[in-house]
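Here's the structure we're looking at; comments come further down.
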Amino acid sequence: MQTSLSTRQRILDRWHQYSVLIAFVLICIIASVLNDNFLSGTNVLNIVRQTSIIGIVALGQTVVILSGGFDLSVGSVLALVGAVGLMTLNASLSPALAVLATIGAALVIGAVNGVIVAKGKIAPFIVTLGMMATARSVVLYRTHGGSISGHGLSYTNIANGQWLGISYPIYLLVACTLLIWVLLRKTRFGRYIYAIGSNEKATLLSAVRVDRVKIGAYMLCSALVGVAAVIESSRLNAISSSSSGLSYELDSIAAVVIGGTRLNGGQGSIWGTFLGVLILGILNNMINLMNVSPYLQGLVKGMIIIIAVLLQRKD
């Protein structure tokens with residue numbers, strides 16, 4: 001009896017370890033059967049390019065969720081800091097200053113979120129929900145409910161330029177993924193993130209500055225949102241106060257959950273999130289190729305989140 005239980009446990013452990021990879025392979029096979037052009041180099045690169053923005057946001061969301069938190073403000077913050085970047089671009093005509101302003105503003109917002117969560121002892125859900133409403137309101141007020149455009153063609157090259165036939169956003173997505181993987185797996189900060197998500201009280205008793213680590217997690221998440229905002233504002237040379245970043249909260253959380261990261265923190269991987277992002281991109285691509293109404297994409301993502309959480313249950 002005990003042997004059968006241990007065997008079952010090993011099978012479950014292997015399933016939780018490789019389920020996202022299995023799902024990714026199966027979805028690729030189904031998509032290639034439904035459409036002959038799915039595996040073409042152009043279509044594959046197009047999918048990765050289209051998912052680069054939400055992919056970078058999802059990387060930051062992963063760090064926060066691993067620490068036992070949430071960030072529901074990522075979409076609204078992207079719109080706000082993207083607008084800050086374009087205003088800086090218009091005032092200075094310097095793409096470098098625009099990028100620095102975008103990421104700098106994101107870091108400030110991340111620090112505010114982190115301090116209120118860590119020092120104020122307020123639930124991350126409440127804090128980031130409040131920031132979501134605040135950031136969206138500010139950008140709507142500043143743009144009078146419209147959009148803001150940038151001046152300077154060189155800025156648009158960030159998202160629309162290519163090297164060796166591959167768009168710059170793809171390089172940024174891969175670079176950010178590698179950077180966060182190294183940070184989580186090879187540094188003390190990363191070990192503390194996992195420890196806090198697994199057992200915050202025990203980590204605190206181990207003389208770890210939990211507050212600082214949490215603040216760092218939210219700042220890192222917002223910094224990545226800033227990078228995503230640079231790509232989005234550069235791609236369109238504009239930021240819409242009402243539609244930019246809309247539903248990115250759902251998309252990023254969906255990618256994280258699909259990738260196998262537990263919503264209560266402490267377990268998950270960056271590469272799982274990377275595959276989760278690609279799975280969402282493939283599903284969106286399949287919906288478009290099959291001429292399914294785009295209004296059903298939210299239904300698909302919602303069901304995927306529920307199914308992924310159910311599959312993560314160990315009992």
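Labels used: A, B, ... for chains in the order of the structure tokens, numbers from 1 for residues in each chain, and numbers from 1 for ligands as shown.
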
Test item: residues at most 12 Å from range 242-247 of chain A, only C-alpha atoms, excluding those fewer than 4 positions along its chain, as a count of residues only
51

Could you pull out the residues in range 24-252 of chain A that DSSP calls helix (DSSP H, G or I) from the backbone, as a VMD selection string?
chain A and resid 24 to 34 41 to 66 74 to 92 95 to 118 124 to 142 153 to 160 168 to 186 188 to 198 200 to 205 210 to 236 248 to 252

Using only C-alpha atoms, determine which residues lie at most 10 Å from range 197-214 of chain A, disregarding the query and same-chain residues fewer than 2 positions distant; provide the list as a compact mmCIF listing (two decimals) with N, CA and C atoms, in the first residue's frame.
# COMPACT_ATOMS: atom_id res chain seq x y z
N VAL A 63 7.40 36.85 -10.33
CA VAL A 63 8.21 37.17 -9.15
C VAL A 63 7.32 37.53 -7.97
N VAL A 64 6.31 38.37 -8.21
CA VAL A 64 5.42 38.80 -7.14
C VAL A 64 4.59 37.63 -6.62
N ILE A 65 4.06 36.81 -7.52
CA ILE A 65 3.24 35.67 -7.09
C ILE A 65 4.08 34.65 -6.34
N LEU A 66 5.32 34.43 -6.77
CA LEU A 66 6.20 33.52 -6.05
C LEU A 66 6.43 33.98 -4.61
N SER A 67 6.41 35.28 -4.38
CA SER A 67 6.60 35.81 -3.03
C SER A 67 5.31 35.81 -2.21
N GLY A 68 4.23 35.30 -2.81
CA GLY A 68 2.97 35.22 -2.10
C GLY A 68 2.07 36.42 -2.30
N GLY A 69 2.35 37.23 -3.30
CA GLY A 69 1.56 38.43 -3.55
C GLY A 69 0.83 38.39 -4.87
N ALA A 111 7.72 50.73 -5.99
CA ALA A 111 8.16 50.98 -4.61
C ALA A 111 6.97 51.35 -3.74
N ASN A 113 3.79 50.43 -4.19
CA ASN A 113 3.06 49.18 -3.96
C ASN A 113 3.74 48.33 -2.90
N GLY A 114 5.05 48.16 -3.05
CA GLY A 114 5.80 47.31 -2.13
C GLY A 114 5.81 47.82 -0.71
N VAL A 115 6.00 49.12 -0.54
CA VAL A 115 6.04 49.69 0.80
C VAL A 115 4.69 49.54 1.50
N VAL A 117 2.37 47.31 0.88
CA VAL A 117 2.13 45.88 1.18
C VAL A 117 3.00 45.42 2.34
N ALA A 118 4.31 45.75 2.28
CA ALA A 118 5.26 45.22 3.26
C ALA A 118 5.20 45.95 4.60
N LYS A 119 5.16 47.27 4.55
CA LYS A 119 5.16 48.06 5.78
C LYS A 119 3.75 48.30 6.33
N LYS A 121 1.22 46.34 5.84
CA LYS A 121 0.57 45.05 6.13
C LYS A 121 -0.84 44.98 5.55
N PHE A 189 18.58 36.86 -3.34
CA PHE A 189 17.26 37.48 -3.48
C PHE A 189 16.24 36.47 -3.99
N GLY A 190 16.62 35.69 -5.00
CA GLY A 190 15.71 34.69 -5.55
C GLY A 190 15.35 33.61 -4.54
N TYR A 192 15.27 33.96 -1.36
CA TYR A 192 14.38 34.59 -0.37
C TYR A 192 12.95 34.72 -0.92
N ILE A 193 12.83 35.01 -2.22
CA ILE A 193 11.50 35.10 -2.84
C ILE A 193 10.75 33.78 -2.67
N TYR A 194 11.42 32.68 -2.97
CA TYR A 194 10.79 31.36 -2.83
C TYR A 194 10.49 31.06 -1.36
N ALA A 195 11.40 31.42 -0.49
CA ALA A 195 11.23 31.13 0.94
C ALA A 195 10.04 31.89 1.51
N GLY A 216 11.39 44.82 -3.07
CA GLY A 216 12.19 44.54 -4.26
C GLY A 216 11.41 43.78 -5.31
N ALA A 217 10.56 42.84 -4.87
CA ALA A 217 9.75 42.06 -5.81
C ALA A 217 8.79 42.94 -6.57
N TYR A 218 8.12 43.85 -5.87
CA TYR A 218 7.16 44.75 -6.53
C TYR A 218 7.87 45.75 -7.43
N MET A 219 9.04 46.21 -7.01
CA MET A 219 9.80 47.13 -7.86
C MET A 219 10.29 46.43 -9.13
N LEU A 220 10.73 45.18 -8.99
CA LEU A 220 11.17 44.42 -10.15
C LEU A 220 10.02 44.19 -11.11
N ARG A 262 2.28 28.40 -8.41
CA ARG A 262 1.14 28.32 -7.51
C ARG A 262 0.72 29.72 -7.07
N LEU A 263 -0.58 29.93 -7.02
CA LEU A 263 -1.09 31.25 -6.68
C LEU A 263 -0.80 31.65 -5.24
N ASN A 264 -0.54 30.67 -4.38
CA ASN A 264 -0.20 31.00 -2.99
C ASN A 264 1.30 31.15 -2.80
N GLY A 265 2.07 31.07 -3.88
CA GLY A 265 3.50 31.37 -3.83
C GLY A 265 4.38 30.20 -3.46
N GLY A 266 5.70 30.41 -3.61
CA GLY A 266 6.67 29.44 -3.16
C GLY A 266 7.06 28.37 -4.13
N GLN A 267 6.32 28.22 -5.22
CA GLN A 267 6.63 27.17 -6.18
C GLN A 267 6.29 27.62 -7.59

Enumerate, as a ChimeraX atom specification, the complete set of residues in range 19-257 of chain A that a backbone-based DSSP assignment places in strand (DSSP E or B).
/A:147-149,162-163,166-167,238-240

Based on the selection just made, write C-alpha atoms of those residues as a compact mmCIF listing (two decimals), in the first residue's frame.
# COMPACT_ATOMS: atom_id res chain seq x y z
CA SER A 147 -4.29 59.16 -26.33
CA ILE A 148 -0.82 60.66 -26.46
CA SER A 149 1.48 60.33 -29.45
CA GLN A 162 14.92 43.93 -36.60
CA TRP A 163 18.28 42.22 -36.36
CA ILE A 166 14.12 38.86 -35.74
CA SER A 167 12.26 41.75 -34.11
CA ALA A 238 1.22 56.24 -28.96
CA ILE A 239 -0.46 55.27 -25.70
CA SER A 240 -4.23 55.13 -25.32

Counting only C-alpha atoms, the residue among A:Ser32, A:Asn291, A:Asn285, A:Thr62 that lies closest to Val48 in chain A is A:Asn285

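With only C-alpha atoms as the atoms that count, the minimum distance from Ile47 in chain A to the choices A:Trp181, A:Leu296, A:Glu249, A:Pro169 is reached by A:Pro169.
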
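You can rank A:Val277, A:Ile170, A:Ile196, A:Val300 by their closest distance to Leu45 in chain A using only C-alpha atoms, and at the top of that list sits A:Ile170.
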
Would you list the contacts of range 258-260 of chain A as a PDB file with C-alpha atoms, in the first residue's frame, taking every protein, DNA or RNA residue within 6 Å and counting only C-alpha atoms, but skipping same-chain residues closer than 5 positions in sequence?
ATOM      1  CA  VAL A  20       3.213  22.794 -18.948  1.00  0.00           C
ATOM      2  CA  GLY A 268       7.024  27.831  -9.873  1.00  0.00           C
ATOM      3  CA  GLY A 272       7.121  27.725 -17.022  1.00  0.00           C
ATOM      4  CA  THR A 273       5.784  31.263 -17.375  1.00  0.00           C
ATOM      5  CA  GLY A 276       2.588  29.737 -20.508  1.00  0.00           C
ATOM      6  CA  ALA A 308      -4.760  25.064 -14.650  1.00  0.00           C
TER       7      ALA A 308
END

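Ranking A:Ile109, A:Val33, A:Leu26, A:Ala58 by their shortest atom-to-atom distance to Thr177 in chain A, with only C-alpha atoms included, puts A:Ala58 first.
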
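For the pair CA of Tyr155 in chain A and CA of Thr134 in chain A, the separation is 27.5 Å.
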
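For the pair CA of Leu97 in chain A and CA of Leu224 in chain A, the interatomic distance is 17.0 Å.
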